[in-house]
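Participant: I am attaching a structure below and will ask some questions about it afterwards.
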Amino acid sequence: MADKQPFYLTTAIPYVNGVPHLGHAYEAILTDVMARFKRLDGYDVMFLTGSDEYGEKNAKKAEEQGITPQAIADENTAAFQEAIQLMGISNDDFIRTTEARHHKAAQEMWRRLNEKGLIYLDKYAGWYSVREESFFAEGELREDESGQKFTELGTEVEWVEEESYFFKLSEFTAPLLELYSTNPEFVQPSVRLNEIKAFVAQEGGLRDLSISRHKNRLEWGVPVPNDEDHVMYVWLDALTNYITGLGFPDMDDARFKKFWPCDYHVIGKDITRFHAIYWPAFLIAADIPLPKTIFAHGFINVNGAKMSKSVGNVLSPEELVKTYGQEPLRYLLMREVSHGQDGNFSHEHAVQRINSDLANGVGNLAQRTLSMIYKNCEGAIPAPNALNEKDKALLETAHNALYKGISDPDIVNQFKFNEVLMIIMNFVGECDRYVDEQAPWTLKKEDPERMKTVLYVLAEAIRCIAISMQFVTPGAAGKILDQLKVSDDERSFAHISVEYALKSGTSMDKPEGVFPRIVIEEAA
Ligand code: MSP
């Protein structure tokens with residue numbers, strides 16, 4: 001067999017100043033769904049996530065709580081690790097930026113930039129947003145009546161004056177503009193690329209970037225090589241996690257050789273600038289090839305409003321999994337949010353969507369078909385007789401159109417999983433119409449041989465649906481495949497084909513429902 005093609009993707013690594021919320025859940029699930037999709041499509045996938053433990057934001061939170069930054073990082077990293085388990089995330093590694101392997105990678109990055117003469121010591125005097133861990137020019141800020149200045153995202157800035165190392169980002173204005181125009185896939189969706197281009201092309205170009213904090217102000221960071229008075233700016237350290245995970249600084253490491261350059265860095269739209277400007281500039285400077293695509297997803301709001309503690313609408317992955325179940329939650333988020341856009345979450349809508357698509361849709365189709373087979377065909381896959389045009393048409397869609405539709409590169413490679421799921425659900429609808437028309441329950445008395453054909457066709461269609469849904473609901477789809485006795489090595493997309501169709505006579509297990517209905521509680 002030919003070697004599998006490598007495919008590398010990452011999530012942003014969340015700050016650990018707090019516990020995970022729905023926004024983090026969405027990003028982890030979106031990336032996981034792509035990772036699982038590509039594995040089913042025959043790729044050798046490496047999927048990395050982790051935690052961003054340094055920086056002022058984390059240090060300040062620890063101070064507020066009267067604990068050490070390491071203690072808060074340990075506590076919240078554990079919460080993130082638990083959350084990814086709860087959401088069924090299939091990451092291959094998890095980088096904590098406080099790990100020795102990451103210090104090594106970040107410090108090597110620094111050395112490389114320094115060797116190129118791209119780092120110099122100077123004084124920083126300017127505005128800083130701790131919430132965004134980012135520097136701002138006067139012109140990027142607005143002011144309220146009291147004189148407090150805010151960023152575009154509404155976070156407060158403070159004036160900082162300190163000795164700092166700088167990276168000569170200004171030298172990268174032209175190479176970056178060249179990158180965006182020769183490789184428009186570098187940032188997706190294109191609306192985000194256009195924002196970045198406009199920012200880089202601003203008059204005067206990019207300004208040099210402060211890349212260290214003096215110990216008088218912040219001690220919580222990766223130490224700067226050869227200067228114990230400074231720690232590295234958190235974004236320089238954090239971005240490097242994407243190569244720490246492949247064994248950098250050892251560029252001969254088998255993982256690095258196989259998986260770099262990265263296929264997708266999946267991030268939220270608020271941090272596009274760091275990924276589309278700083279990261280490629282650092283990499284060019286360090287003679288490391290650039291990732292292929294930065295994919296910036298939208299934000300999830302709750303009941304139409306931005307999640308915030310003061311509004312009281314912050315949802316945790318734990319509560320969500322408890323209310324809806326792990327896989328219905330994954331389905332819901334992927335079905336509801338369109339490519340790169342903001343999405344909204346509301347309980348009423350969630351219940352409606354889960355019940356209509358999963359419980360009443362695919363769950364009901366599988367349960368009623370497989371139960372009929374179990375009861376009326378001696379617990380084994382029946383043998384079909386002569387197939388009529390309708391039977392053939394349904395199987396044709398299952399074997400050809402379904403996979404072709406969901407694997408269309410224009411859809412998948414742009415993370416349009418809502419469209420992928422609509423294609424699958426349309427096919428479920430087609431199967432439902434077929435059951436209603438063929439009415440196997442009537443055939444049971446009138447024409448039992450025809451009933452067997454109809455049930456066979458349906459079981460085969462359900463096999464294809466279950467294979468195609470594994471990337472979003474792996475457990476439930478896996479259970480359907482177990483019930484149909486499909487072997488583990490015949491569950492990838494390549495097996496959605498007539499060649500691997502169900503064998504008549506295979507005995508089945510007693511079917512059990514895989515997607516329970518969610519009962520709406522009456523408001524108190
Ligand atoms: N630590 C940085 C990332 C460093 S990557 C080298 C960071 N952390 S974060 O905790 O603020 O955000 C982590 C990810 O969650 C980001 O991609 C961010 O966009 C995403 N989200 C945070 N809130 C979100 C929503 N409400 N909706 C969707 N994603 C959101 O930024």
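Following the order of the structure tokens, chains are lettered A, B, ..., residues in each are numbered from 1, and ligands are numbered from 1.
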As JSON, numbers by chain, please: every protein or nucleic acid residue near ligand 1 (cut-off 9 Å, counting only C-alpha atoms and all ligand atoms).

Facilitator: {"A": [11, 12, 13, 14, 15, 16, 17, 18, 20, 21, 22, 23, 24, 25, 26, 27, 28, 50, 51, 52, 53, 54, 131, 132, 133, 234, 235, 236, 237, 238, 239, 240, 241, 242, 266, 267, 268, 269, 270, 271, 272, 274, 275, 296, 297, 298, 299, 300, 301, 302, 306, 307, 314, 342, 343]}

Participant: Which of segment 59-170 of chain A end up as alpha helix (DSSP H) when DSSP is run on this backbone - answer as number ranges by chain?

Facilitator: A: 59-65, 69-86, 100-115

Participant: Let's have the selection written as a tab-separated table (two decimals), in the first residue's frame, with N, CA and C atoms.

Facilitator:
```tsv
chain	number	residue	atom	x	y	z
A	59	ALA	N	-0.29	35.65	34.69
A	59	ALA	CA	0.40	36.05	35.93
A	59	ALA	C	-0.51	36.92	36.80
A	60	LYS	N	-1.25	37.85	36.15
A	60	LYS	CA	-2.13	38.76	36.91
A	60	LYS	C	-3.26	37.99	37.58
A	61	LYS	N	-3.81	37.03	36.85
A	61	LYS	CA	-4.92	36.24	37.41
A	61	LYS	C	-4.45	35.47	38.64
A	62	ALA	N	-3.23	34.92	38.55
A	62	ALA	CA	-2.69	34.15	39.68
A	62	ALA	C	-2.53	35.08	40.88
A	63	GLU	N	-2.03	36.29	40.59
A	63	GLU	CA	-1.82	37.25	41.67
A	63	GLU	C	-3.16	37.58	42.35
A	64	GLU	N	-4.17	37.83	41.52
A	64	GLU	CA	-5.51	38.12	42.07
A	64	GLU	C	-6.00	37.00	42.97
A	65	GLN	N	-5.67	35.77	42.59
A	65	GLN	CA	-6.14	34.62	43.37
A	65	GLN	C	-5.20	34.26	44.50
A	69	PRO	N	1.74	31.58	39.56
A	69	PRO	CA	1.31	31.35	38.17
A	69	PRO	C	1.38	29.87	37.81
A	70	GLN	N	2.38	29.16	38.34
A	70	GLN	CA	2.48	27.73	38.01
A	70	GLN	C	1.26	26.97	38.56
A	71	ALA	N	0.81	27.38	39.76
A	71	ALA	CA	-0.34	26.68	40.36
A	71	ALA	C	-1.60	26.90	39.53
A	72	ILE	N	-1.81	28.14	39.09
A	72	ILE	CA	-3.03	28.40	38.30
A	72	ILE	C	-2.93	27.70	36.94
A	73	ALA	N	-1.71	27.67	36.40
A	73	ALA	CA	-1.52	26.99	35.11
A	73	ALA	C	-1.80	25.50	35.26
A	74	ASP	N	-1.32	24.92	36.35
A	74	ASP	CA	-1.55	23.47	36.56
A	74	ASP	C	-3.05	23.18	36.69
A	75	GLU	N	-3.70	24.02	37.49
A	75	GLU	CA	-5.11	23.78	37.76
A	75	GLU	C	-5.96	23.91	36.48
A	76	ASN	N	-5.73	25.00	35.76
A	76	ASN	CA	-6.58	25.22	34.58
A	76	ASN	C	-6.18	24.36	33.39
A	77	THR	N	-4.90	24.03	33.29
A	77	THR	CA	-4.52	23.10	32.21
A	77	THR	C	-5.23	21.77	32.42
A	78	ALA	N	-5.30	21.35	33.69
A	78	ALA	CA	-6.01	20.09	33.97
A	78	ALA	C	-7.47	20.21	33.54
A	79	ALA	N	-8.07	21.38	33.78
A	79	ALA	CA	-9.48	21.57	33.37
A	79	ALA	C	-9.62	21.49	31.85
A	80	PHE	N	-8.66	22.07	31.12
A	80	PHE	CA	-8.71	22.00	29.65
A	80	PHE	C	-8.51	20.55	29.18
A	81	GLN	N	-7.60	19.86	29.85
A	81	GLN	CA	-7.35	18.47	29.43
A	81	GLN	C	-8.58	17.60	29.68
A	82	GLU	N	-9.27	17.87	30.79
A	82	GLU	CA	-10.50	17.12	31.07
A	82	GLU	C	-11.56	17.44	30.03
A	83	ALA	N	-11.65	18.74	29.69
A	83	ALA	CA	-12.67	19.15	28.72
A	83	ALA	C	-12.44	18.49	27.37
A	84	ILE	N	-11.19	18.37	26.95
A	84	ILE	CA	-10.99	17.77	25.63
A	84	ILE	C	-11.34	16.28	25.64
A	85	GLN	N	-11.16	15.66	26.79
A	85	GLN	CA	-11.61	14.25	26.92
A	85	GLN	C	-13.13	14.19	26.78
A	86	LEU	N	-13.78	15.09	27.53
A	86	LEU	CA	-15.25	15.10	27.54
A	86	LEU	C	-15.84	15.34	26.16
A	100	ALA	N	9.84	21.65	29.44
A	100	ALA	CA	11.24	21.85	29.03
A	100	ALA	C	11.38	21.78	27.51
A	101	ARG	N	10.67	20.86	26.88
A	101	ARG	CA	10.81	20.72	25.41
A	101	ARG	C	10.37	21.99	24.69
A	102	HIS	N	9.41	22.70	25.29
A	102	HIS	CA	8.95	23.93	24.65
A	102	HIS	C	9.93	25.08	24.90
A	103	HIS	N	10.49	25.15	26.10
A	103	HIS	CA	11.51	26.18	26.36
A	103	HIS	C	12.64	26.05	25.34
A	104	LYS	N	13.04	24.82	25.11
A	104	LYS	CA	14.14	24.56	24.17
A	104	LYS	C	13.78	25.10	22.78
A	105	ALA	N	12.56	24.83	22.35
A	105	ALA	CA	12.14	25.25	21.01
A	105	ALA	C	12.05	26.78	20.93
A	106	ALA	N	11.44	27.40	21.95
A	106	ALA	CA	11.25	28.85	21.92
A	106	ALA	C	12.60	29.57	21.97
A	107	GLN	N	13.50	29.04	22.81
A	107	GLN	CA	14.82	29.69	22.92
A	107	GLN	C	15.63	29.53	21.64
A	108	GLU	N	15.45	28.41	20.96
A	108	GLU	CA	16.16	28.22	19.69
A	108	GLU	C	15.63	29.22	18.65
A	109	MET	N	14.34	29.45	18.71
A	109	MET	CA	13.73	30.41	17.80
A	109	MET	C	14.40	31.78	18.03
A	110	TRP	N	14.50	32.15	19.29
A	110	TRP	CA	15.13	33.43	19.65
A	110	TRP	C	16.55	33.50	19.11
A	111	ARG	N	17.30	32.42	19.35
A	111	ARG	CA	18.70	32.40	18.89
A	111	ARG	C	18.79	32.61	17.38
A	112	ARG	N	17.90	31.96	16.67
A	112	ARG	CA	17.94	32.08	15.21
A	112	ARG	C	17.67	33.52	14.76
A	113	LEU	N	16.69	34.15	15.38
A	113	LEU	CA	16.38	35.53	15.00
A	113	LEU	C	17.56	36.44	15.34
A	114	ASN	N	18.17	36.15	16.48
A	114	ASN	CA	19.29	36.96	16.94
A	114	ASN	C	20.50	36.81	16.02
A	115	GLU	N	20.76	35.57	15.64
A	115	GLU	CA	21.88	35.30	14.74
A	115	GLU	C	21.77	36.06	13.43
```

Participant: With only C-alpha atoms as the counted atoms, please give the residues lying no more than 12 Å from Ile496 of chain A, apart from itself and same-chain residues fewer than 6 positions off, as a count of residues only.

Facilitator: 27

Participant: Let's see if you can do this: from backbone DSSP, list all strand (DSSP E) residues in segment 181-347 of chain A, as a list of chain:residue names.

Facilitator: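 Here is the list: A:Val187, A:Gln188, A:Leu209, A:Ser210, A:Ser212, A:Arg213, A:His214, A:His230, A:Val231, A:Met232, A:Tyr264, A:His265, A:Val266, A:Ile267, A:Gly268, A:Thr293, A:Ile294, A:Phe295, A:Ala296, A:His297, A:Ile300, A:Asn301, A:Val302, A:Gly343, A:Asn344, A:Phe345.
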
Participant: Just the residues within 12 Å of Tyr278 of chain A, please, counting only C-alpha atoms, with nothing from its chain fewer than 3 positions along; format it as a PyMOL selection string.

Facilitator: chain A and resi 134+167-173+176+196+200+206-211+233+235-240+271-275+281-285+290

Participant: So that I have them on file, write out the residues from the current selection with N, CA and C atoms, as an mmCIF file, in the first residue's frame.

Facilitator:
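Ended up saving to selection_20.cif:
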```cif
data_model
loop_
_atom_site.group_PDB
_atom_site.id
_atom_site.type_symbol
_atom_site.label_atom_id
_atom_site.label_comp_id
_atom_site.auth_asym_id
_atom_site.auth_seq_id
_atom_site.Cartn_x
_atom_site.Cartn_y
_atom_site.Cartn_z
ATOM 1 N N SER A 134 -1.128 42.265 23.732
ATOM 2 C CA SER A 134 -0.753 42.878 22.454
ATOM 3 C C SER A 134 -0.477 44.376 22.589
ATOM 4 N N PHE A 167 12.122 42.924 17.732
ATOM 5 C CA PHE A 167 12.319 42.135 16.515
ATOM 6 C C PHE A 167 12.061 43.072 15.341
ATOM 7 N N LYS A 168 12.937 43.008 14.338
ATOM 8 C CA LYS A 168 12.812 43.954 13.214
ATOM 9 C C LYS A 168 11.689 43.531 12.262
ATOM 10 N N LEU A 169 10.478 43.592 12.785
ATOM 11 C CA LEU A 169 9.307 43.222 11.992
ATOM 12 C C LEU A 169 9.155 44.141 10.787
ATOM 13 N N SER A 170 9.625 45.399 10.939
ATOM 14 C CA SER A 170 9.483 46.365 9.844
ATOM 15 C C SER A 170 10.137 45.869 8.553
ATOM 16 N N GLU A 171 11.150 45.008 8.706
ATOM 17 C CA GLU A 171 11.821 44.500 7.492
ATOM 18 C C GLU A 171 10.972 43.487 6.741
ATOM 19 N N PHE A 172 9.839 43.093 7.352
ATOM 20 C CA PHE A 172 9.038 42.022 6.745
ATOM 21 C C PHE A 172 7.779 42.511 6.036
ATOM 22 N N THR A 173 7.591 43.826 6.011
ATOM 23 C CA THR A 173 6.392 44.349 5.350
ATOM 24 C C THR A 173 6.306 43.860 3.903
ATOM 25 N N LEU A 176 5.903 39.983 3.445
ATOM 26 C CA LEU A 176 4.572 39.491 3.833
ATOM 27 C C LEU A 176 3.538 39.857 2.772
ATOM 28 N N ILE A 196 -5.952 41.589 6.975
ATOM 29 C CA ILE A 196 -4.517 41.513 7.266
ATOM 30 C C ILE A 196 -3.717 42.319 6.239
ATOM 31 N N VAL A 200 -1.158 45.395 7.028
ATOM 32 C CA VAL A 200 0.282 45.370 6.718
ATOM 33 C C VAL A 200 0.639 46.478 5.720
ATOM 34 N N LEU A 206 4.880 47.927 8.679
ATOM 35 C CA LEU A 206 4.856 47.360 10.034
ATOM 36 C C LEU A 206 5.912 48.017 10.909
ATOM 37 N N ARG A 207 5.591 48.117 12.203
ATOM 38 C CA ARG A 207 6.583 48.646 13.146
ATOM 39 C C ARG A 207 7.311 47.484 13.800
ATOM 40 N N ASP A 208 8.514 47.733 14.291
ATOM 41 C CA ASP A 208 9.239 46.669 14.987
ATOM 42 C C ASP A 208 8.432 46.233 16.207
ATOM 43 N N LEU A 209 8.657 44.977 16.612
ATOM 44 C CA LEU A 209 7.819 44.366 17.645
ATOM 45 C C LEU A 209 8.619 44.124 18.925
ATOM 46 N N SER A 210 8.059 44.571 20.031
ATOM 47 C CA SER A 210 8.710 44.309 21.319
ATOM 48 C C SER A 210 8.532 42.823 21.657
ATOM 49 N N ILE A 211 9.635 42.116 21.869
ATOM 50 C CA ILE A 211 9.519 40.658 22.052
ATOM 51 C C ILE A 211 10.069 40.167 23.395
ATOM 52 N N TYR A 233 8.396 37.598 25.147
ATOM 53 C CA TYR A 233 7.012 38.031 24.910
ATOM 54 C C TYR A 233 6.182 36.785 24.637
ATOM 55 N N TRP A 235 3.629 35.861 22.931
ATOM 56 C CA TRP A 235 3.233 35.372 21.603
ATOM 57 C C TRP A 235 4.399 34.729 20.847
ATOM 58 N N LEU A 236 5.624 35.241 21.071
ATOM 59 C CA LEU A 236 6.775 34.608 20.402
ATOM 60 C C LEU A 236 6.937 33.183 20.923
ATOM 61 N N ASP A 237 6.762 33.039 22.236
ATOM 62 C CA ASP A 237 6.881 31.693 22.802
ATOM 63 C C ASP A 237 5.700 30.835 22.375
ATOM 64 N N ALA A 238 4.490 31.366 22.496
ATOM 65 C CA ALA A 238 3.298 30.529 22.247
ATOM 66 C C ALA A 238 3.221 30.025 20.801
ATOM 67 N N LEU A 239 3.496 30.905 19.838
ATOM 68 C CA LEU A 239 3.393 30.486 18.435
ATOM 69 C C LEU A 239 4.342 29.323 18.129
ATOM 70 N N THR A 240 5.482 29.350 18.834
ATOM 71 C CA THR A 240 6.472 28.301 18.572
ATOM 72 C C THR A 240 5.971 26.906 18.955
ATOM 73 N N ILE A 271 -7.423 36.396 16.684
ATOM 74 C CA ILE A 271 -5.961 36.293 16.788
ATOM 75 C C ILE A 271 -5.314 36.062 15.415
ATOM 76 N N THR A 272 -5.993 36.541 14.388
ATOM 77 C CA THR A 272 -5.462 36.370 13.031
ATOM 78 C C THR A 272 -4.142 37.120 12.850
ATOM 79 N N ARG A 273 -4.083 38.326 13.402
ATOM 80 C CA ARG A 273 -2.885 39.144 13.207
ATOM 81 C C ARG A 273 -1.611 38.454 13.679
ATOM 82 N N PHE A 274 -1.704 37.819 14.843
ATOM 83 C CA PHE A 274 -0.517 37.145 15.386
ATOM 84 C C PHE A 274 -0.073 35.997 14.472
ATOM 85 N N HIS A 275 -1.082 35.310 13.939
ATOM 86 C CA HIS A 275 -0.771 34.131 13.119
ATOM 87 C C HIS A 275 -0.425 34.468 11.677
ATOM 88 N N ALA A 281 6.508 35.937 9.807
ATOM 89 C CA ALA A 281 7.740 36.757 9.865
ATOM 90 C C ALA A 281 8.804 36.027 10.685
ATOM 91 N N PHE A 282 8.416 35.469 11.837
ATOM 92 C CA PHE A 282 9.393 34.723 12.661
ATOM 93 C C PHE A 282 9.947 33.536 11.868
ATOM 94 N N LEU A 283 9.062 32.859 11.171
ATOM 95 C CA LEU A 283 9.499 31.655 10.447
ATOM 96 C C LEU A 283 10.434 32.003 9.285
ATOM 97 N N ILE A 284 10.074 33.044 8.543
ATOM 98 C CA ILE A 284 10.953 33.454 7.431
ATOM 99 C C ILE A 284 12.326 33.789 8.012
ATOM 100 N N ALA A 285 12.297 34.555 9.128
ATOM 101 C CA ALA A 285 13.552 34.985 9.751
ATOM 102 C C ALA A 285 14.373 33.784 10.217
ATOM 103 N N LEU A 290 6.959 28.003 5.658
ATOM 104 C CA LEU A 290 5.709 28.546 6.215
ATOM 105 C C LEU A 290 4.585 27.516 6.198
#
```

Participant: Please report the interatomic distance between atom CA of Glu162 of chain A and atom CA of His214 of chain A in Å with one decimal.

Facilitator: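 Separation between atom CA of Glu162 of chain A and atom CA of His214 of chain A: 6.9 Å.
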
Participant: Mind pulling up the distance from atom CA of Ser346 of chain A to atom CA of Val428 of chain A?

Facilitator: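 Atom CA of Ser346 of chain A lies 24.9 Å from atom CA of Val428 of chain A.
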
Participant: Write out as a Markdown table the residues of segment 435-510 of chain A that have any atom within 7 Å of an atom of segment 370-379 of chain A, one row each with the nearest atom pair and its distance in Å to one decimal, counting only C-alpha atoms, sorted by chain and then rising number.

Facilitator:
```
| residue | atom | partner | partner_atom | distance |
| --- | --- | --- | --- | --- |
| A:Leu455 | CA | A:Ile373 | CA | 6.7 |
| A:Ser507 | CA | A:Gly379 | CA | 5.7 |
| A:Met508 | CA | A:Gly379 | CA | 5.6 |
| A:Lys510 | CA | A:Tyr374 | CA | 6.6 |
```
